[in-house]
Amino acid sequence: MPMDIALLHAVVEVAKAGGFREAARVTGSNASRLSDAVRRAEQQLGIRLFHRTTRAVVLTEAGRALLERLLPAMNEVDAALDALNRYRNTPGGTLRLNVPVSATRLVLPALVPEFLRRYPDIQLEIIAESNVQDVFRDGCDAGIRYDERLEQDMVAIPIGPRRQRYAAAASPGYLNVHGRPSHPRDLIQHRCLRGRYASGIMPDWEFEHEGESLSVQVSGPLVVSVGGAVDLAVETAVAGAGIIYLFEEWLRPAIASGKLEAILQPWWLSFSGPYLYYNDRRLIPAPLQAFIDFVREDNLKHKLSEESKSSLLVGTIKNSFAG
C-alpha cells in the first residue's frame, strides 16, 4: 500500500525514542506533529502500532514486527541519500555531537567557526551535558570524551589540546583574609567551591607533584552541578567566597586579569586531552567524515607547529654555543 515515507520516519523515531516528547527533542520536531503522523500511519495501515498511556508509548506486537523490517530499510534510505554527498562540491546534512560542557568552552571554539565556514551546507548540532555516557544518545553521530578507553568497534582520534591541567585559585581578597595554602592538605581548612556530577558524585580534589599523588576531600559553602552552573562558581570565587579548582583554561582569563590568584601551582593535576569518538562499524555520514578529516588536519597543523618551535629552539641553543 502506498504511504508517505515521512509518516514511516515518524513511527521509527518515536519507537527509537520511546515517546513523542523525547522523539521531538531528538529530531527537533514537535510532539503533537509526531503524534499526528503516527496516528495517520496507523489509519492508513489499518492497525495500531503503539500502546499509549500517560506514562509510556510502547510498540504493539504488530508495531515491533513492522519496525524489525522497517528500520534496516530506513537506514538504507538514509545511506543512499547520504551517498549523494559525493556528487556535491561540499557535503551537506546534519552532524550531531554529544560532548561534555567543558568541550564547548575549551575545545570547540577553536574548531567550529572555521569548520562551518568551510562547510556551509552542514548544520552542526551540539548536545552538551555533564553526565556524558552514551556517545550515540539523542541520535548523535559522534562524541567527545576525556577517556581513551574504547568500547568495541569504537574509534578515537585526538581533538583539541593534548595536555590540560586543573588550576586552583581564589580572589586576592579571600587569600589576604584566610591565608595562602602552601600544600593541598591546607585546603581542608579553607572554604572550597565544589562541583557535583549529574550522577550525584562529588569528586575529591586531586593533585600531583614530583611523582606524589594526593586526593583531598574539601568542603565549603557552595556546590554547583558540573556543566552550565560552573560559571556561577567562578564568579563566586572572584567575589571572594572561596577557592575553586577547575580547568586551567577556564580560569585563565580571571587569573590574567588579577581577579583570581593562582595557588598551589606545583601541585596542579595534568591529564590527557579529549578524543573524538565514533563507531567504525556504522556508516559514516558525509558530515561526520568531513569533521573527522577537519580534526585530523587541525591535529597535523598543531604537530607541525610544535615541531617547528622545537627545531627553532634547538637552533637557537646551537647558535648560542657557537657564538
# chains A, B, ... in the order shown; residues from 1 in each chain; ligands from 1

call {"tool": "select_by_dssp", "arguments": {"residues": "region 17-207 of chain A", "states": "helix (DSSP H, G or I)", "output": "ChimeraX atom specification"}}
result
/A:17,20-27,31-45,61-87,101-106,108-110,112-118,137-139,172-178,184-189

call {"tool": "select_by_dssp", "arguments": {"residues": "region 6-139 of chain A", "states": "strand (DSSP E)", "output": "ChimeraX atom specification"}}
result
/A:50-52,57-59,93-100,122-129

call {"tool": "atom_distance", "arguments": {"atom1": "CA of Asp204 (chain A)", "atom2": "CA of Gly173 (chain A)"}}
result
24.9 Å

call {"tool": "residues_around", "arguments": {"residues": "Arg191 (chain A)", "least_positions_apart": "3", "cutoff": "7 Å", "atoms": "only C-alpha atoms", "output": "number ranges by chain"}}
result
A: 219-221, 242-243

call {"tool": "write_last_selection", "arguments": {"atoms": "all heavy atoms", "output": "PDB file, in the first residue's frame"}}
result
ATOM      1  N   SER A 219      35.598  20.901  51.605  1.00  0.00           N
ATOM      2  CA  SER A 219      34.224  21.300  51.930  1.00  0.00           C
ATOM      3  C   SER A 219      34.116  22.803  51.751  1.00  0.00           C
ATOM      4  O   SER A 219      35.121  23.508  51.635  1.00  0.00           O
ATOM      5  CB  SER A 219      33.867  20.900  53.366  1.00  0.00           C
ATOM      6  OG  SER A 219      34.735  21.550  54.295  1.00  0.00           O
ATOM      7  N   GLY A 220      32.889  23.284  51.716  1.00  0.00           N
ATOM      8  CA  GLY A 220      32.721  24.718  51.533  1.00  0.00           C
ATOM      9  C   GLY A 220      31.265  25.116  51.386  1.00  0.00           C
ATOM     10  O   GLY A 220      30.358  24.283  51.469  1.00  0.00           O
ATOM     11  N   PRO A 221      31.040  26.397  51.126  1.00  0.00           N
ATOM     12  CA  PRO A 221      29.685  26.952  51.162  1.00  0.00           C
ATOM     13  C   PRO A 221      28.880  26.773  49.881  1.00  0.00           C
ATOM     14  O   PRO A 221      27.698  27.093  49.860  1.00  0.00           O
ATOM     15  CB  PRO A 221      29.941  28.433  51.413  1.00  0.00           C
ATOM     16  CG  PRO A 221      31.247  28.699  50.709  1.00  0.00           C
ATOM     17  CD  PRO A 221      32.057  27.461  50.916  1.00  0.00           C
ATOM     18  N   GLY A 242      35.520  31.885  48.203  1.00  0.00           N
ATOM     19  CA  GLY A 242      36.250  30.650  48.444  1.00  0.00           C
ATOM     20  C   GLY A 242      37.224  30.303  47.338  1.00  0.00           C
ATOM     21  O   GLY A 242      37.473  31.101  46.423  1.00  0.00           O
ATOM     22  N   ILE A 243      37.772  29.078  47.421  1.00  0.00           N
ATOM     23  CA  ILE A 243      38.776  28.583  46.482  1.00  0.00           C
ATOM     24  C   ILE A 243      38.101  27.678  45.458  1.00  0.00           C
ATOM     25  O   ILE A 243      37.220  26.885  45.795  1.00  0.00           O
ATOM     26  CB  ILE A 243      39.875  27.799  47.223  1.00  0.00           C
ATOM     27  CG1 ILE A 243      40.648  28.744  48.162  1.00  0.00           C
ATOM     28  CG2 ILE A 243      40.842  27.133  46.243  1.00  0.00           C
ATOM     29  CD1 ILE A 243      41.674  28.045  49.045  1.00  0.00           C
TER      30      ILE A 243
END

call {"tool": "residues_around", "arguments": {"residues": "Ile144 (chain A)", "least_positions_apart": "5", "cutoff": "12 Å", "atoms": "only C-alpha atoms", "output": "MDAnalysis selection string"}}
result
chainID A and resid 96:104 106:108 126:130 132:136 155:160 273:278 292 295

call {"tool": "atom_distance", "arguments": {"atom1": "CA of Lys301 (chain A)", "atom2": "CA of Leu288 (chain A)"}}
result
19.9 Å

call {"tool": "atom_distance", "arguments": {"atom1": "CA of Ser171 (chain A)", "atom2": "CA of Phe247 (chain A)"}}
result
16.5 Å

call {"tool": "decode", "arguments": {"residues": "region 184-270 of chain A", "atoms": "C-alpha atoms", "output": "compact mmCIF listing (two decimals), in the first residue's frame"}}
result
# COMPACT_ATOMS: atom_id res chain seq x y z
CA PRO A 184 46.96 20.74 49.19
CA ARG A 185 46.21 19.41 52.68
CA ASP A 186 45.81 23.03 53.82
CA LEU A 187 42.62 23.17 51.72
CA ILE A 188 40.82 21.17 54.41
CA GLN A 189 40.80 24.37 56.49
CA HIS A 190 39.52 26.54 53.62
CA ARG A 191 36.15 27.35 52.08
CA CYS A 192 36.11 25.48 48.77
CA LEU A 193 33.64 25.78 45.88
CA ARG A 194 32.82 22.31 44.61
CA GLY A 195 31.12 20.60 41.67
CA ARG A 196 28.71 17.67 41.59
CA TYR A 197 28.14 15.46 38.52
CA ALA A 198 24.65 14.56 37.34
CA SER A 199 25.34 11.04 38.66
CA GLY A 200 25.49 12.53 42.18
CA ILE A 201 29.24 12.05 42.55
CA MET A 202 31.10 14.97 44.13
CA PRO A 203 34.78 14.19 43.43
CA ASP A 204 37.67 14.92 45.74
CA TRP A 205 40.28 17.36 44.51
CA GLU A 206 43.30 15.50 43.12
CA PHE A 207 46.85 16.86 42.96
CA GLU A 208 50.29 15.61 41.94
CA HIS A 209 53.86 16.80 42.40
CA GLU A 210 57.17 15.08 41.65
CA GLY A 211 55.57 11.65 41.46
CA GLU A 212 53.38 12.12 44.54
CA SER A 213 49.61 11.97 44.06
CA LEU A 214 47.21 13.34 46.63
CA SER A 215 43.42 13.36 46.96
CA VAL A 216 41.82 15.94 49.25
CA GLN A 217 38.23 15.85 50.48
CA VAL A 218 37.31 19.53 50.65
CA SER A 219 34.22 21.30 51.93
CA GLY A 220 32.72 24.72 51.53
CA PRO A 221 29.68 26.95 51.16
CA LEU A 222 28.78 26.22 47.52
CA VAL A 223 28.14 23.12 45.40
CA VAL A 224 27.21 23.51 41.72
CA SER A 225 26.24 20.98 39.07
CA VAL A 226 29.15 20.27 36.74
CA GLY A 227 28.17 21.93 33.50
CA GLY A 228 26.42 25.24 32.98
CA ALA A 229 26.50 26.14 36.68
CA VAL A 230 30.29 26.15 36.79
CA ASP A 231 30.38 29.79 35.71
CA LEU A 232 28.47 30.63 38.89
CA ALA A 233 31.25 29.00 40.94
CA VAL A 234 33.87 31.03 39.06
CA GLU A 235 32.04 34.30 39.71
CA THR A 236 31.59 33.32 43.36
CA ALA A 237 35.33 32.73 43.65
CA VAL A 238 36.01 36.11 42.03
CA ALA A 239 33.68 37.69 44.60
CA GLY A 240 35.86 36.28 47.40
CA ALA A 241 33.70 33.44 48.72
CA GLY A 242 36.25 30.65 48.44
CA ILE A 243 38.78 28.58 46.48
CA ILE A 244 37.97 26.97 43.14
CA TYR A 245 39.70 24.07 41.33
CA LEU A 246 38.85 23.90 37.65
CA PHE A 247 40.30 23.59 34.13
CA GLU A 248 43.23 25.99 33.84
CA GLU A 249 41.94 27.36 30.52
CA TRP A 250 38.56 28.10 32.13
CA LEU A 251 40.18 30.15 34.90
CA ARG A 252 42.96 31.75 32.84
CA PRO A 253 41.05 34.97 31.93
CA ALA A 254 40.23 35.66 35.57
CA ILE A 255 43.80 34.86 36.63
CA ALA A 256 45.29 37.01 33.86
CA SER A 257 43.11 39.96 34.85
CA GLY A 258 44.05 39.65 38.52
CA LYS A 259 40.51 38.82 39.63
CA LEU A 260 41.78 35.42 40.76
CA GLU A 261 45.19 34.49 42.12
CA ALA A 262 46.71 31.12 41.25
CA ILE A 263 47.70 28.95 44.23
CA LEU A 264 49.43 25.57 44.68
CA GLN A 265 50.74 25.68 41.10
CA PRO A 266 53.39 22.94 41.54
CA TRP A 267 50.56 20.57 42.51
CA TRP A 268 48.16 21.18 39.62
CA LEU A 269 46.98 17.90 38.13
CA SER A 270 47.87 17.35 34.46
